[in-house]
$ cat target-v5.cif   # mmCIF, C-alpha atoms and all ligand atoms
data_query
#
loop_
_atom_site.label_atom_id
_atom_site.label_comp_id
_atom_site.auth_asym_id
_atom_site.auth_seq_id
_atom_site.Cartn_x
_atom_site.Cartn_y
_atom_site.Cartn_z
CA VAL A 196 33.15 42.18 7.52
CA THR A 197 36.28 40.06 7.25
CA ALA A 198 36.40 36.53 5.84
CA LEU A 199 36.76 35.25 9.41
CA ASP A 200 33.65 37.15 10.53
CA THR A 201 31.72 35.63 7.64
CA ALA A 202 32.91 32.15 8.62
CA VAL A 203 31.81 32.73 12.21
CA VAL A 204 28.43 34.07 11.15
CA ARG A 205 27.90 31.00 8.99
CA ALA A 206 29.06 28.40 11.57
CA TYR A 207 26.33 25.86 12.25
CA HIS A 208 25.86 22.50 13.91
CA LEU A 209 23.40 19.66 13.61
CA SER A 210 21.21 18.41 16.43
CA ALA A 211 18.53 15.78 16.85
CA PHE A 212 15.11 17.47 16.87
CA THR A 213 13.52 18.31 20.22
CA VAL A 214 10.21 20.11 20.75
CA ASP A 215 12.22 23.22 21.70
CA HIS A 216 13.10 23.49 17.99
CA ALA A 217 9.46 23.37 16.82
CA SER A 218 8.88 27.10 16.44
CA GLY A 219 12.23 27.55 14.69
CA VAL A 220 11.35 24.79 12.22
CA ALA A 221 7.92 26.36 11.65
CA THR A 222 9.58 29.71 10.90
CA VAL A 223 11.90 28.14 8.32
CA ALA A 224 8.98 26.21 6.80
CA ALA A 225 7.02 29.47 6.40
CA GLU A 226 10.03 31.13 4.80
CA VAL A 227 10.49 28.36 2.22
CA GLY A 228 6.76 28.41 1.40
CA TRP A 229 5.49 25.29 3.19
CA PRO A 230 2.37 26.51 5.06
CA SER A 231 1.39 22.96 6.08
CA LEU A 232 4.44 22.88 8.36
CA ALA A 233 4.36 26.50 9.51
CA ASN A 234 2.60 25.74 12.81
CA PRO A 235 4.84 24.74 15.79
CA ALA A 236 2.27 22.29 17.18
CA THR A 237 2.09 20.53 13.82
CA VAL A 238 5.89 20.42 13.62
CA ALA A 239 6.14 18.94 17.13
CA ALA A 240 3.59 16.22 16.25
CA VAL A 241 5.06 15.39 12.83
CA PHE A 242 8.72 15.42 13.93
CA THR A 243 8.13 13.17 16.97
CA ALA A 244 5.66 10.76 15.30
CA PRO A 245 6.29 7.00 15.61
CA GLY A 246 8.97 5.98 13.11
CA ALA A 247 10.06 9.58 12.52
CA THR A 248 13.68 10.70 12.57
CA ALA A 249 14.19 14.44 12.63
CA ALA A 250 17.13 16.80 12.97
CA VAL A 251 17.85 20.49 12.72
CA ALA A 252 20.79 22.63 11.61
CA LEU A 253 21.42 25.44 14.08
CA CYS A 254 23.30 28.72 13.74
CA ASP A 255 23.92 29.39 17.44
CA THR A 256 20.40 28.65 18.67
CA THR A 257 18.56 29.63 15.48
CA VAL A 258 17.14 26.87 13.28
CA VAL A 259 18.40 27.36 9.71
CA GLY A 260 17.51 23.95 8.29
CA PHE A 261 15.64 20.77 9.11
CA VAL A 262 14.96 17.23 7.98
CA GLN A 263 12.27 14.68 8.81
CA ALA A 264 12.11 11.11 7.51
CA LEU A 265 10.05 8.03 8.28
CA SER A 266 11.77 4.66 8.35
CA ASP A 267 11.38 0.98 9.16
CA GLY A 268 14.86 1.23 10.71
CA HIS A 269 16.37 -1.46 8.52
CA LEU A 270 15.83 -1.08 4.78
CA GLN A 271 13.68 1.78 3.72
CA ALA A 272 13.10 5.42 4.59
CA HIS A 273 10.89 8.10 3.10
CA LEU A 274 12.25 11.64 3.19
CA SER A 275 9.25 13.79 4.02
CA PHE A 276 10.79 17.22 4.67
CA LEU A 277 14.19 18.77 3.99
CA ALA A 278 14.77 22.51 3.82
CA VAL A 279 17.49 25.08 4.42
CA LEU A 280 16.99 28.85 4.71
CA PRO A 281 17.96 30.59 1.44
CA SER A 282 20.60 32.63 3.32
CA HIS A 283 22.37 29.42 4.44
CA ARG A 284 22.29 27.35 1.25
CA ARG A 285 25.27 25.83 -0.59
CA HIS A 286 27.24 25.19 2.59
CA GLY A 287 26.59 21.47 2.67
CA ILE A 288 23.87 21.66 5.33
CA ALA A 289 21.27 19.60 3.42
CA ARG A 290 23.93 17.06 2.49
CA GLN A 291 24.87 16.63 6.16
CA LEU A 292 21.22 16.44 7.26
CA THR A 293 20.68 13.69 4.67
CA GLU A 294 23.76 11.81 5.88
CA MET A 295 22.43 12.08 9.42
CA VAL A 296 19.15 10.46 8.35
CA PHE A 297 21.00 7.46 6.91
CA THR A 298 23.04 7.09 10.09
CA ALA A 299 20.16 7.64 12.51
CA THR A 300 17.65 5.36 10.75
CA GLY A 301 19.97 2.60 9.54
CA ALA A 302 18.06 2.68 6.24
CA GLN A 303 19.88 1.50 3.11
CA ARG A 304 17.88 3.73 0.78
CA ILE A 305 15.63 6.78 0.94
CA ASP A 306 12.73 7.52 -1.41
CA LEU A 307 11.34 11.02 -1.92
CA ILE A 308 9.50 13.30 -4.26
CA THR A 309 10.58 16.81 -5.13
CA ASP A 310 9.34 19.61 -7.31
CA GLU A 311 12.30 21.98 -7.21
CA ALA A 312 15.35 20.34 -5.61
CA ASP A 313 16.50 18.10 -8.47
CA ASN A 314 19.94 19.72 -8.51
CA PHE A 315 20.50 18.80 -4.87
CA TYR A 316 19.33 15.17 -5.15
CA GLN A 317 21.25 14.65 -8.37
CA SER A 318 24.41 15.58 -6.45
CA LEU A 319 23.92 12.47 -4.26
CA PRO A 320 24.26 8.79 -5.27
CA HIS A 321 20.80 8.11 -6.69
CA LYS A 322 18.52 6.27 -9.06
CA ARG A 323 15.74 8.20 -10.82
CA MET A 324 12.24 6.73 -10.66
CA SER A 325 8.82 8.25 -11.08
CA GLY A 326 7.02 9.55 -7.99
CA TYR A 327 3.43 10.35 -7.02
CA ARG A 328 1.65 12.14 -4.20
CA ILE A 329 -1.82 10.69 -3.85
CA TYR A 330 -4.76 12.05 -1.85
CA PRO A 331 -7.84 10.55 -0.16
CA LEU A 332 -10.30 9.23 -2.76
CA ASP A 333 -13.06 11.68 -1.79
CA SER A 334 -10.88 14.83 -2.03
C1 LIG A 401 17.28 21.63 -1.65
C2 LIG A 401 17.91 22.29 -0.43
C3 LIG A 401 17.44 21.58 0.84
C4 LIG A 401 19.46 22.15 -0.55
O1 LIG A 401 20.05 22.70 0.63
P1 LIG A 401 21.59 23.14 0.70
O2 LIG A 401 22.02 23.12 2.13
O3 LIG A 401 21.79 24.40 -0.04
O4 LIG A 401 22.32 21.96 -0.12
P2 LIG A 401 23.87 21.58 -0.01
O5 LIG A 401 24.67 22.80 0.28
O6 LIG A 401 24.03 20.43 0.91
O7 LIG A 401 24.15 21.12 -1.52
C5 LIG A 401 24.93 19.98 -1.82
C6 LIG A 401 25.14 19.94 -3.33
O8 LIG A 401 23.86 19.87 -4.00
C7 LIG A 401 23.92 20.60 -5.24
N1 LIG A 401 23.01 21.74 -5.16
C8 LIG A 401 22.28 22.15 -4.09
N2 LIG A 401 21.52 23.21 -4.42
C9 LIG A 401 21.77 23.48 -5.72
C10 LIG A 401 21.29 24.47 -6.62
N3 LIG A 401 20.39 25.39 -6.25
N4 LIG A 401 21.76 24.48 -7.88
C11 LIG A 401 22.68 23.55 -8.29
N5 LIG A 401 23.18 22.59 -7.47
C12 LIG A 401 22.72 22.55 -6.21
C13 LIG A 401 25.36 21.06 -5.38
O9 LIG A 401 26.08 20.03 -6.04
C14 LIG A 401 25.80 21.15 -3.92
O10 LIG A 401 27.20 21.06 -3.75
P3 LIG A 401 28.12 22.37 -4.00
O11 LIG A 401 27.48 23.51 -3.25
O12 LIG A 401 29.46 21.97 -3.43
O13 LIG A 401 28.13 22.60 -5.48
C15 LIG A 401 17.58 23.81 -0.38
O14 LIG A 401 17.88 24.40 -1.64
C16 LIG A 401 16.11 24.08 -0.05
O15 LIG A 401 15.74 24.17 1.11
N6 LIG A 401 15.25 24.23 -1.10
C17 LIG A 401 13.83 24.52 -0.90
C18 LIG A 401 13.11 23.39 -0.23
C19 LIG A 401 13.15 22.13 -1.05
O16 LIG A 401 12.89 22.13 -2.25
N7 LIG A 401 13.46 21.00 -0.36
C20 LIG A 401 13.45 19.69 -0.94
C21 LIG A 401 12.06 19.17 -0.91
S1 LIG A 401 11.92 17.48 -1.23
#

$ encode --input "target-v5.cif" --output "structure tokens"
Amino acid sequence: VTALDTAVVRAYHLSAFTVDHASGVATVAAEVGWPSLANPATVAAVFTAPGATAAVALCDTTVVGFVQALSDGHLQAHLSFLAVLPSHRRHGIARQLTEMVFTATGAQRIDLITDEADNFYQSLPHKRMSGYRIYPLDS
């Protein structure tokens, strides 16, 4: 495999999410260990919900990364899901998906929680705060 072949294999492009991407997103979600998003019907509902902005990174027609955020369209967004297949990491895909969320939502800032992607978020302009995920009171 030449360097050029490798570059071609790794070429990707970003696209706004459509329901045609739902099963590809579910496959990536399963691979990164997110079972709650590993069902295409759930992905279609979550990624097209009111206020949601979602995009995918494609290698040819294969989904290799995705992002979903919720926003008021003016000030604030919450980044709910961002993942890239392990085989396609460190090529700037997550960075570009994040940039796309800012552009598509018009938000001035994005809040999120993370348990294992500190290195990625620390590479972006940021402010550290403390985050919580809360659950229904009877759970
Ligand atoms: C976090 C994640 C989305 C990053 O995707 P990615 O496409 O590899 O990220 P990028 O290539 O855009 O990285 C941009 C910069 O972030 C930093 N970075 C990203 N991953 C890093 C790592 N594992 N270690 C150190 N720095 C890292 C680097 O500064 C990198 O720039 P560089 O490659 O030029 O050094 C990906 O690792 C992932 O899917 N992880 C599992 C799911 C997850 O935790 N998602 C976040 C949930 S909130």

$ residues_near_ligand --input "target-v5.cif" --ligand "ligand LIG 401 (chain A)" --cutoff "9 Å" --atoms "all atoms listed in the file" --output "PyMOL selection string"
chain A and resi 224+227-229+260-262+274-293+307-319

$ closest_residue --input "target-v5.cif" --among "A:Val258, A:Ala264, A:Ala249, A:Leu209" --to "Glu226 (chain A)" --atoms "all atoms listed in the file"
A:Val258

$ closest_residue --input "target-v5.cif" --among "A:Ala217, A:Ala225, A:Arg304, A:Thr256" --to "Lys322 (chain A)" --atoms "all atoms listed in the file"
A:Arg304

$ axis_aligned_box --input "target-v5.cif" --around "region 223-236 of chain A" --padding-each-side "5 Å" --output "AutoDock Vina command-line options"
--center_x 6.6 --center_y 26.7 --center_z 9.3 --size_x 20.5 --size_y 18.8 --size_z 25.8

$ closest_residue --input "target-v5.cif" --among "A:Ser325, A:Thr237, A:Thr248, A:Ser266" --to "Val220 (chain A)" --atoms "all atoms listed in the file"
A:Thr237
